[in-house]
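Asker: As input, take entry_22.cif (mmCIF, C-alpha atoms):
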```
data_entry
#
loop_
_atom_site.group_PDB
_atom_site.id
_atom_site.type_symbol
_atom_site.label_atom_id
_atom_site.label_comp_id
_atom_site.auth_asym_id
_atom_site.auth_seq_id
_atom_site.Cartn_x
_atom_site.Cartn_y
_atom_site.Cartn_z
ATOM 1 C CA MET Q 1 -10.537 -286.951 44.661
ATOM 2 C CA THR Q 2 -14.260 -287.706 44.515
ATOM 3 C CA GLN Q 3 -16.351 -284.605 43.923
ATOM 4 C CA VAL Q 4 -19.828 -284.386 45.461
ATOM 5 C CA ILE Q 5 -22.537 -282.733 43.367
ATOM 6 C CA TYR Q 6 -25.842 -281.826 45.003
ATOM 7 C CA THR Q 7 -27.967 -280.295 42.247
ATOM 8 C CA ILE Q 8 -29.165 -281.269 38.792
ATOM 9 C CA GLU Q 9 -28.001 -277.959 37.326
ATOM 10 C CA GLU Q 10 -24.499 -278.435 38.708
ATOM 11 C CA TRP Q 11 -24.289 -281.951 37.260
ATOM 12 C CA ARG Q 12 -25.502 -280.804 33.836
ATOM 13 C CA THR Q 13 -22.725 -278.228 33.729
ATOM 14 C CA LYS Q 14 -20.210 -280.914 34.672
ATOM 15 C CA TYR Q 15 -21.708 -283.301 32.106
ATOM 16 C CA GLU Q 16 -21.113 -280.783 29.304
ATOM 17 C CA GLU Q 17 -17.472 -280.503 30.406
ATOM 18 C CA ILE Q 18 -17.068 -284.275 30.377
ATOM 19 C CA LYS Q 19 -18.641 -284.717 26.970
ATOM 20 C CA GLN Q 20 -16.299 -282.164 25.435
ATOM 21 C CA LEU Q 21 -13.581 -284.753 25.961
ATOM 22 C CA LYS Q 22 -13.929 -286.884 22.859
ATOM 23 C CA GLY Q 23 -15.003 -290.452 23.532
ATOM 24 C CA SER Q 24 -15.559 -290.046 27.269
ATOM 25 C CA ARG Q 25 -17.872 -292.808 28.476
ATOM 26 C CA ILE Q 26 -19.812 -292.479 31.732
ATOM 27 C CA GLY Q 27 -20.344 -295.477 33.993
ATOM 28 C CA PHE Q 28 -23.101 -295.032 36.569
ATOM 29 C CA VAL Q 29 -23.713 -296.808 39.883
ATOM 30 C CA PRO Q 30 -27.080 -295.901 41.487
ATOM 31 C CA THR Q 31 -27.188 -296.481 45.264
ATOM 32 C CA MET Q 32 -29.067 -295.422 48.379
ATOM 33 C CA GLY Q 33 -25.798 -294.935 50.217
ATOM 34 C CA TYR Q 34 -24.333 -296.421 53.382
ATOM 35 C CA LEU Q 35 -21.896 -298.111 51.047
ATOM 36 C CA HIS Q 36 -20.508 -301.602 51.538
ATOM 37 C CA ASP Q 37 -18.090 -303.712 49.521
ATOM 38 C CA GLY Q 38 -20.891 -304.798 47.191
ATOM 39 C CA HIS Q 39 -21.483 -301.201 46.099
ATOM 40 C CA LEU Q 40 -17.751 -300.643 45.797
ATOM 41 C CA SER Q 41 -17.374 -303.726 43.598
ATOM 42 C CA LEU Q 42 -19.870 -302.171 41.176
ATOM 43 C CA ALA Q 43 -17.809 -298.987 41.132
ATOM 44 C CA CYS Q 44 -14.655 -300.997 40.471
ATOM 45 C CA GLU Q 45 -16.346 -302.731 37.548
ATOM 46 C CA ALA Q 46 -17.430 -299.351 36.190
ATOM 47 C CA LYS Q 47 -13.902 -298.015 36.638
ATOM 48 C CA GLN Q 48 -12.534 -300.769 34.412
ATOM 49 C CA ASN Q 49 -14.960 -300.054 31.587
ATOM 50 C CA ALA Q 50 -15.681 -296.313 31.673
ATOM 51 C CA ASP Q 51 -13.712 -293.104 31.517
ATOM 52 C CA VAL Q 52 -15.764 -291.375 34.207
ATOM 53 C CA VAL Q 53 -17.544 -293.093 37.126
ATOM 54 C CA VAL Q 54 -20.579 -291.464 38.709
ATOM 55 C CA MET Q 55 -22.315 -292.845 41.789
ATOM 56 C CA SER Q 56 -25.637 -291.542 43.035
ATOM 57 C CA ILE Q 57 -26.525 -291.562 46.714
ATOM 58 C CA PHE Q 58 -30.218 -290.927 47.150
ATOM 59 C CA ILE Q 59 -32.663 -292.610 49.512
ATOM 60 C CA ASN Q 60 -35.755 -292.560 47.349
ATOM 61 C CA PRO Q 61 -38.947 -292.067 49.396
ATOM 62 C CA LEU Q 62 -41.157 -293.245 46.515
ATOM 63 C CA GLN Q 63 -39.996 -296.854 46.894
ATOM 64 C CA PHE Q 64 -40.731 -297.116 50.621
ATOM 65 C CA GLY Q 65 -44.153 -298.123 51.918
ATOM 66 C CA PRO Q 66 -45.799 -296.318 54.869
ATOM 67 C CA GLU Q 67 -44.720 -298.993 57.355
ATOM 68 C CA GLU Q 68 -41.181 -299.398 55.983
ATOM 69 C CA ASP Q 69 -37.836 -298.071 57.196
ATOM 70 C CA TYR Q 70 -37.362 -294.852 55.207
ATOM 71 C CA GLU Q 71 -36.663 -292.688 58.263
ATOM 72 C CA GLN Q 72 -34.417 -295.302 59.868
ATOM 73 C CA TYR Q 73 -32.486 -296.233 56.711
ATOM 74 C CA PRO Q 74 -28.770 -295.748 57.505
ATOM 75 C CA ARG Q 75 -27.219 -292.498 56.287
ATOM 76 C CA ASP Q 76 -23.600 -291.299 56.433
ATOM 77 C CA LEU Q 77 -22.577 -289.253 53.402
ATOM 78 C CA GLU Q 78 -19.134 -288.342 54.760
ATOM 79 C CA ARG Q 79 -18.305 -292.032 55.228
ATOM 80 C CA ASP Q 80 -19.719 -292.845 51.779
ATOM 81 C CA VAL Q 81 -17.549 -290.213 50.085
ATOM 82 C CA GLU Q 82 -14.437 -291.660 51.752
ATOM 83 C CA GLN Q 83 -15.387 -295.168 50.626
ATOM 84 C CA ALA Q 84 -16.137 -294.071 47.062
ATOM 85 C CA ASP Q 85 -12.925 -292.071 46.820
ATOM 86 C CA ARG Q 86 -10.965 -295.154 47.867
ATOM 87 C CA VAL Q 87 -12.054 -297.030 44.709
ATOM 88 C CA GLY Q 88 -11.752 -294.112 42.333
ATOM 89 C CA VAL Q 89 -15.311 -292.837 41.921
ATOM 90 C CA ASP Q 90 -15.046 -289.505 40.130
ATOM 91 C CA TYR Q 91 -18.382 -287.944 41.112
ATOM 92 C CA ILE Q 92 -21.102 -288.568 43.660
ATOM 93 C CA PHE Q 93 -24.511 -287.163 42.820
ATOM 94 C CA ALA Q 94 -26.209 -286.679 46.196
ATOM 95 C CA PRO Q 95 -29.385 -284.651 45.704
ATOM 96 C CA SER Q 96 -31.903 -283.810 48.402
ATOM 97 C CA VAL Q 97 -35.473 -285.070 48.222
ATOM 98 C CA GLU Q 98 -36.526 -281.506 47.376
ATOM 99 C CA GLU Q 99 -34.070 -281.438 44.473
ATOM 100 C CA MET Q 100 -35.397 -284.683 43.007
ATOM 101 C CA TYR Q 101 -39.061 -284.053 43.817
ATOM 102 C CA PRO Q 102 -39.675 -280.286 44.147
ATOM 103 C CA THR Q 103 -43.386 -281.104 43.946
ATOM 104 C CA LYS Q 104 -45.281 -284.348 44.268
ATOM 105 C CA PRO Q 105 -44.714 -286.082 40.920
ATOM 106 C CA LYS Q 106 -47.735 -286.446 38.669
ATOM 107 C CA THR Q 107 -45.766 -288.705 36.330
ATOM 108 C CA THR Q 108 -44.487 -292.101 37.428
ATOM 109 C CA VAL Q 109 -43.027 -295.117 35.654
ATOM 110 C CA LYS Q 110 -45.028 -298.323 36.071
ATOM 111 C CA ILE Q 111 -43.638 -301.634 34.839
ATOM 112 C CA GLN Q 112 -46.255 -304.375 34.722
ATOM 113 C CA GLU Q 113 -46.329 -308.148 35.294
ATOM 114 C CA ILE Q 114 -42.736 -308.728 36.458
ATOM 115 C CA THR Q 115 -43.347 -306.268 39.307
ATOM 116 C CA GLU Q 116 -46.313 -308.217 40.652
ATOM 117 C CA ARG Q 117 -44.289 -311.076 42.140
ATOM 118 C CA LEU Q 118 -41.596 -311.545 44.766
ATOM 119 C CA CYS Q 119 -40.841 -308.166 46.407
ATOM 120 C CA GLY Q 120 -43.492 -306.482 44.273
ATOM 121 C CA ALA Q 121 -46.221 -308.638 45.824
ATOM 122 C CA SER Q 122 -45.233 -307.851 49.402
ATOM 123 C CA ARG Q 123 -44.241 -304.221 48.784
ATOM 124 C CA PRO Q 124 -47.040 -302.643 46.696
ATOM 125 C CA GLY Q 125 -45.856 -299.632 44.733
ATOM 126 C CA HIS Q 126 -42.188 -300.341 45.450
ATOM 127 C CA PHE Q 127 -41.193 -300.875 41.833
ATOM 128 C CA ASP Q 128 -43.183 -297.857 40.652
ATOM 129 C CA GLY Q 129 -40.861 -295.868 42.900
ATOM 130 C CA VAL Q 130 -37.804 -297.703 41.606
ATOM 131 C CA GLY Q 131 -38.768 -297.226 37.966
ATOM 132 C CA THR Q 132 -39.512 -293.551 38.493
ATOM 133 C CA VAL Q 133 -36.295 -292.674 40.301
ATOM 134 C CA VAL Q 134 -34.036 -294.727 38.005
ATOM 135 C CA SER Q 135 -35.702 -293.137 34.989
ATOM 136 C CA LYS Q 136 -35.032 -289.688 36.470
ATOM 137 C CA LEU Q 137 -31.433 -290.576 37.284
ATOM 138 C CA PHE Q 138 -30.808 -291.905 33.780
ATOM 139 C CA HIS Q 139 -32.164 -288.670 32.303
ATOM 140 C CA ILE Q 140 -30.091 -286.547 34.694
ATOM 141 C CA ILE Q 141 -26.767 -288.414 34.578
ATOM 142 C CA GLN Q 142 -27.062 -289.614 30.948
ATOM 143 C CA PRO Q 143 -24.719 -292.567 31.454
ATOM 144 C CA ASP Q 144 -23.515 -294.907 28.757
ATOM 145 C CA THR Q 145 -23.549 -297.892 31.126
ATOM 146 C CA ALA Q 146 -25.224 -298.523 34.494
ATOM 147 C CA TYR Q 147 -24.160 -301.165 37.005
ATOM 148 C CA PHE Q 148 -26.453 -303.146 39.311
ATOM 149 C CA GLY Q 149 -25.918 -306.058 41.686
ATOM 150 C CA GLN Q 150 -27.549 -309.457 41.226
ATOM 151 C CA LYS Q 151 -28.711 -309.389 44.851
ATOM 152 C CA ASP Q 152 -31.574 -307.231 43.593
ATOM 153 C CA ALA Q 153 -32.273 -309.518 40.625
ATOM 154 C CA GLN Q 154 -35.936 -308.588 40.324
ATOM 155 C CA GLN Q 155 -34.975 -304.924 40.300
ATOM 156 C CA VAL Q 156 -32.468 -305.647 37.533
ATOM 157 C CA ALA Q 157 -35.149 -307.406 35.478
ATOM 158 C CA VAL Q 158 -37.514 -304.461 36.000
ATOM 159 C CA ILE Q 159 -34.906 -301.910 34.948
ATOM 160 C CA GLN Q 160 -33.862 -303.941 31.910
ATOM 161 C CA GLN Q 161 -37.517 -304.110 30.858
ATOM 162 C CA MET Q 162 -37.899 -300.360 31.308
ATOM 163 C CA VAL Q 163 -34.753 -299.646 29.291
ATOM 164 C CA GLN Q 164 -35.953 -301.937 26.518
ATOM 165 C CA ASP Q 165 -39.529 -300.633 26.420
ATOM 166 C CA LEU Q 166 -38.619 -296.937 26.616
ATOM 167 C CA ASN Q 167 -35.463 -297.119 24.448
ATOM 168 C CA PHE Q 168 -33.094 -295.669 27.012
ATOM 169 C CA PRO Q 169 -29.597 -295.415 25.466
ATOM 170 C CA VAL Q 170 -28.076 -297.133 28.496
ATOM 171 C CA HIS Q 171 -26.381 -300.529 28.656
ATOM 172 C CA ILE Q 172 -27.241 -302.415 31.870
ATOM 173 C CA VAL Q 173 -24.508 -304.541 33.469
ATOM 174 C CA THR Q 174 -25.391 -307.040 36.207
ATOM 175 C CA CYS Q 175 -22.568 -307.831 38.632
ATOM 176 C CA PRO Q 176 -22.358 -310.809 41.016
ATOM 177 C CA THR Q 177 -23.742 -310.608 44.545
ATOM 178 C CA PHE Q 178 -21.000 -309.619 46.978
ATOM 179 C CA ARG Q 179 -21.017 -311.764 50.113
ATOM 180 C CA GLU Q 180 -19.604 -311.973 53.602
ATOM 181 C CA ASP Q 181 -17.258 -314.879 54.351
ATOM 182 C CA ASP Q 182 -20.174 -317.011 55.592
ATOM 183 C CA GLY Q 183 -22.260 -316.330 52.485
ATOM 184 C CA LEU Q 184 -24.612 -313.587 53.727
ATOM 185 C CA ALA Q 185 -25.349 -311.171 50.885
ATOM 186 C CA MET Q 186 -23.995 -307.711 51.685
ATOM 187 C CA SER Q 187 -26.712 -305.140 52.294
ATOM 188 C CA SER Q 188 -26.923 -301.739 53.964
ATOM 189 C CA ARG Q 189 -29.708 -303.207 56.111
ATOM 190 C CA ASN Q 190 -27.320 -305.762 57.634
ATOM 191 C CA VAL Q 191 -26.381 -303.096 60.188
ATOM 192 C CA TYR Q 192 -29.819 -303.621 61.753
ATOM 193 C CA LEU Q 193 -28.938 -307.228 62.669
ATOM 194 C CA LYS Q 194 -28.137 -307.936 66.302
ATOM 195 C CA GLU Q 195 -25.413 -310.511 67.004
ATOM 196 C CA LYS Q 196 -27.845 -313.432 67.335
ATOM 197 C CA ASP Q 197 -29.772 -312.312 64.239
ATOM 198 C CA ARG Q 198 -26.544 -312.050 62.268
ATOM 199 C CA GLN Q 199 -25.721 -315.668 63.075
ATOM 200 C CA GLU Q 200 -29.172 -316.789 61.938
ATOM 201 C CA ALA Q 201 -29.170 -314.686 58.762
ATOM 202 C CA VAL Q 202 -26.856 -317.128 56.997
ATOM 203 C CA VAL Q 203 -29.843 -319.483 56.511
ATOM 204 C CA LEU Q 204 -30.802 -317.580 53.356
ATOM 205 C CA PHE Q 205 -27.535 -318.513 51.690
ATOM 206 C CA GLU Q 206 -27.695 -322.030 53.114
ATOM 207 C CA ALA Q 207 -31.154 -322.506 51.570
ATOM 208 C CA LEU Q 208 -29.803 -321.509 48.151
ATOM 209 C CA GLN Q 209 -26.884 -323.896 48.595
ATOM 210 C CA ARG Q 210 -29.285 -326.707 49.460
ATOM 211 C CA VAL Q 211 -31.240 -326.089 46.243
ATOM 212 C CA LYS Q 212 -27.988 -325.986 44.273
ATOM 213 C CA THR Q 213 -26.855 -329.329 45.738
ATOM 214 C CA LEU Q 214 -30.180 -330.999 44.932
ATOM 215 C CA MET Q 215 -30.162 -329.673 41.384
ATOM 216 C CA LEU Q 216 -26.617 -330.935 40.839
ATOM 217 C CA GLU Q 217 -27.910 -334.326 41.978
ATOM 218 C CA GLY Q 218 -30.603 -334.124 39.282
ATOM 219 C CA GLU Q 219 -33.656 -332.749 41.135
ATOM 220 C CA ARG Q 220 -35.800 -330.497 38.929
ATOM 221 C CA ASP Q 221 -39.229 -330.527 40.635
ATOM 222 C CA VAL Q 222 -39.949 -327.011 41.863
ATOM 223 C CA LYS Q 223 -42.150 -328.019 44.814
ATOM 224 C CA THR Q 224 -39.521 -330.424 46.135
ATOM 225 C CA LEU Q 225 -36.808 -327.783 45.900
ATOM 226 C CA LEU Q 226 -38.956 -325.132 47.577
ATOM 227 C CA ASP Q 227 -39.892 -327.478 50.420
ATOM 228 C CA GLU Q 228 -36.217 -328.189 51.033
ATOM 229 C CA ALA Q 229 -35.335 -324.491 51.008
ATOM 230 C CA GLN Q 230 -38.137 -323.728 53.459
ATOM 231 C CA ASP Q 231 -36.919 -326.465 55.791
ATOM 232 C CA VAL Q 232 -33.463 -324.897 55.868
ATOM 233 C CA VAL Q 233 -34.752 -321.377 56.575
ATOM 234 C CA SER Q 234 -37.122 -322.630 59.265
ATOM 235 C CA GLN Q 235 -34.137 -323.826 61.295
ATOM 236 C CA ALA Q 236 -33.527 -320.211 62.304
ATOM 237 C CA PRO Q 237 -35.775 -319.528 65.336
ATOM 238 C CA SER Q 238 -36.463 -315.894 64.445
ATOM 239 C CA ALA Q 239 -37.009 -316.453 60.716
ATOM 240 C CA ASP Q 240 -40.279 -315.099 59.342
ATOM 241 C CA ILE Q 241 -40.548 -316.091 55.672
ATOM 242 C CA ASP Q 242 -41.993 -313.461 53.347
ATOM 243 C CA TYR Q 243 -41.542 -315.635 50.265
ATOM 244 C CA ILE Q 244 -39.478 -318.434 48.772
ATOM 245 C CA HIS Q 245 -40.150 -318.899 45.054
ATOM 246 C CA ILE Q 246 -38.750 -320.319 41.860
ATOM 247 C CA TYR Q 247 -39.757 -318.579 38.627
ATOM 248 C CA ARG Q 248 -38.566 -318.396 35.054
ATOM 249 C CA TYR Q 249 -36.013 -315.632 34.729
ATOM 250 C CA PRO Q 250 -36.223 -312.836 33.757
ATOM 251 C CA SER Q 251 -39.944 -313.103 32.901
ATOM 252 C CA LEU Q 252 -40.892 -314.327 36.420
ATOM 253 C CA GLU Q 253 -43.477 -316.732 35.039
ATOM 254 C CA ASP Q 254 -44.687 -319.784 36.956
ATOM 255 C CA ILE Q 255 -42.848 -323.045 36.444
ATOM 256 C CA SER Q 256 -43.293 -326.474 38.020
ATOM 257 C CA TYR Q 257 -40.336 -328.317 36.461
ATOM 258 C CA ILE Q 258 -36.997 -326.684 35.748
ATOM 259 C CA ASP Q 259 -36.007 -327.039 32.098
ATOM 260 C CA THR Q 260 -35.121 -323.385 31.442
ATOM 261 C CA ASP Q 261 -33.369 -320.510 33.206
ATOM 262 C CA VAL Q 262 -34.902 -319.706 36.598
ATOM 263 C CA ILE Q 263 -34.432 -317.564 39.653
ATOM 264 C CA VAL Q 264 -34.539 -319.044 43.139
ATOM 265 C CA ALA Q 265 -35.442 -316.076 45.326
ATOM 266 C CA LEU Q 266 -36.292 -315.582 48.974
ATOM 267 C CA ALA Q 267 -37.137 -312.779 51.365
ATOM 268 C CA VAL Q 268 -36.982 -313.491 55.084
ATOM 269 C CA ARG Q 269 -37.271 -311.327 58.167
ATOM 270 C CA ILE Q 270 -34.602 -312.176 60.712
ATOM 271 C CA GLY Q 271 -35.213 -310.455 64.024
ATOM 272 C CA GLY Q 272 -37.447 -307.977 62.214
ATOM 273 C CA THR Q 273 -34.913 -307.109 59.491
ATOM 274 C CA ARG Q 274 -36.051 -307.986 55.985
ATOM 275 C CA LEU Q 275 -33.297 -309.689 53.986
ATOM 276 C CA ILE Q 276 -33.383 -310.874 50.382
ATOM 277 C CA ASP Q 277 -31.191 -313.209 48.376
ATOM 278 C CA ASN Q 278 -31.354 -315.169 45.148
ATOM 279 C CA MET Q 279 -29.641 -317.531 42.784
ATOM 280 C CA ILE Q 280 -29.899 -317.557 38.986
ATOM 281 C CA VAL Q 281 -29.865 -321.039 37.460
ATOM 282 C CA GLU Q 282 -28.947 -321.287 33.786
ATOM 283 C CA VAL Q 283 -30.099 -324.466 32.050
ATOM 284 C CA VAL Q 284 -28.687 -325.854 28.802
ATOM 285 C CA GLY Q 285 -30.059 -329.336 28.104
ATOM 286 C CA LYS Q 286 -29.245 -331.422 31.158
ATOM 287 C CA GLU Q 287 -26.444 -329.103 32.255
ATOM 288 C CA VAL Q 288 -26.989 -326.419 34.896
ATOM 289 C CA SER Q 289 -24.833 -323.528 36.060
ATOM 290 C CA PHE Q 290 -25.394 -321.207 38.978
ATOM 291 C CA ARG Q 291 -24.930 -317.524 39.703
ATOM 292 C CA VAL Q 292 -25.212 -317.132 43.450
#
```
As a first step, turn the structure in this file into structure tokens.
Answerer:
Amino acid sequence: MTQVIYTIEEWRTKYEEIKQLKGSRIGFVPTMGYLHDGHLSLACEAKQNADVVVMSIFINPLQFGPEEDYEQYPRDLERDVEQADRVGVDYIFAPSVEEMYPTKPKTTVKIQEITERLCGASRPGHFDGVGTVVSKLFHIIQPDTAYFGQKDAQQVAVIQQMVQDLNFPVHIVTCPTFREDDGLAMSSRNVYLKEKDRQEAVVLFEALQRVKTLMLEGERDVKTLLDEAQDVVSQAPSADIDYIHIYRYPSLEDISYIDTDVIVALAVRIGGTRLIDNMIVEVVGKEVSFRV
């Protein structure tokens, strides 16, 4: 049965017990809770490759801007524990804000350049908050491997850069985006969508599919592909486009013609709910493959 741990001291005691078992490897799944099948798929992947699976549930205030949905972000720890137990999570680390930040932190983690585009451009300071909390969680949990979903591909790139630059002894595993039957990427924020909004939200996935089709037909001009994606999204009456971009991946550098690996990424507000999605395109010569 999944055990919930609320304090750093309690986890450190448990960690020492785990490490006394020779060869025990810890797989870690950081989340902000209100779990869906995408989160659970990460836990299942961890379960296959680790001896002990730890999931954190912590809504990190440092990564929310003043006008964002920190207070409204969905919370239901009892439900989350039931969901996590169903897929074999061993421990949930669910600290309070006071436990993680007993005082206002004077030390933060700032990753440059790759944080200045996509969500970083429209959410100033967001990735400073992400880098800081993930750094803290890595130090607290001390996992061997950590699992993240491709839906947050920029976040994955940021964390991989942090791990590389600061020599964290953690292996980062990126798992495919988990989707609803109609293609909508699973997200805790999907609960905000009203029925009409939910029907329109599929345009994000449809835009990625349109780009994929054009690329399979041989199109490589970035402007042409972006124009087509924007046309698809604009078909949804309530769509308010934050960004639609194509960049080299994972460096997030500008590109005008696709002859190397890229990310096709978009953020769109549907009925006021901000949704993100992306597709990684891997290029080898004239051949392309897609991770959607």
Asker: Hey, what comes out of the PyMOL selection byres ((chain Q and resi 67-80) around 8) on this file? Could you write it as a PyMOL selection string?
Answerer: chain Q and resi 33-35+59+61+64-66+81-84+188-189
Asker: When distances are computed from all atoms listed in the file, which of Q:Asp85, Q:His245, Q:Leu275, Q:Phe93 shows the smallest separation from Thr2 (chain Q)?
Answerer: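 The answer is Q:Asp85, which sits nearest to Thr2 (chain Q).
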Asker: If you apply the PyMOL selection byres ((chain Q and resi 107-114) around 12) to this file, what residues do you get, as a ChimeraX atom specification?
Answerer: /Q:62-63,101,103-106,115-121,124-136,153-166,247-254
Asker: Nearest residue to Val233 (chain Q) out of Q:Val288, Q:Ala207, Q:Ile255, Q:Leu216, using all atoms listed in the file?
Answerer: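 Checking each candidate against Val233 (chain Q), we get Q:Ala207 as the closest.
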Asker: What is the distance between CA of Thr31 (chain Q) and CA of Ile57 (chain Q), in Å to one decimal?
Answerer: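 Between CA of Thr31 (chain Q) and CA of Ile57 (chain Q) the gap is 5.2 Å.
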Asker: Rank Q:Ile270, Q:Val173, Q:Val29, Q:Ala236 by their smallest atom-to-atom distance to Glu206 (chain Q), using only C-alpha atoms, and report the top residue only.
Answerer: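 Ranking Q:Ile270, Q:Val173, Q:Val29, Q:Ala236 by distance to Glu206 (chain Q), first place goes to Q:Ala236.
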Asker: Evaluating the PyMOL selection byres ((chain Q and resi 289-292) around 8) on the displayed file yields which residues, as JSON, numbers by chain?
Answerer: {"Q": [176, 177, 208, 212, 278, 279, 280, 281, 282, 283, 287, 288]}
Asker: CA of Phe138 (chain Q) and CA of Asn49 (chain Q), how far apart in Å?
Answerer: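 Separation of CA of Asn49 (chain Q) and CA of Phe138 (chain Q): 18.0 Å.
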Asker: What does the distance between CA of His171 (chain Q) and CA of Ala146 (chain Q) come to in Å, to one decimal place?
Answerer: 6.3 Å
Asker: Using all atoms listed in the file, tabulate the residues of region 158-226 of chain Q lying at most 12 Å from any atom of region 38-41 of chain Q, each with its closest atom pair and that distance in Å to one decimal, by chain and increasing residue number, as a tab-separated table.
Answerer:
```
residue	atom	partner	partner_atom	distance
Q:Thr174	CA	Q:Ser41	CA	11.4
Q:Cys175	CA	Q:Ser41	CA	8.3
Q:Pro176	CA	Q:Gly38	CA	8.7
Q:Thr177	CA	Q:Gly38	CA	7.0
Q:Phe178	CA	Q:Gly38	CA	4.8
Q:Arg179	CA	Q:Gly38	CA	7.6
Q:Glu180	CA	Q:Gly38	CA	9.7
Q:Leu184	CA	Q:Gly38	CA	11.6
Q:Ala185	CA	Q:Gly38	CA	8.6
Q:Met186	CA	Q:Gly38	CA	6.2
Q:Ser187	CA	Q:Gly38	CA	7.7
Q:Ser188	CA	Q:Gly38	CA	9.6
```
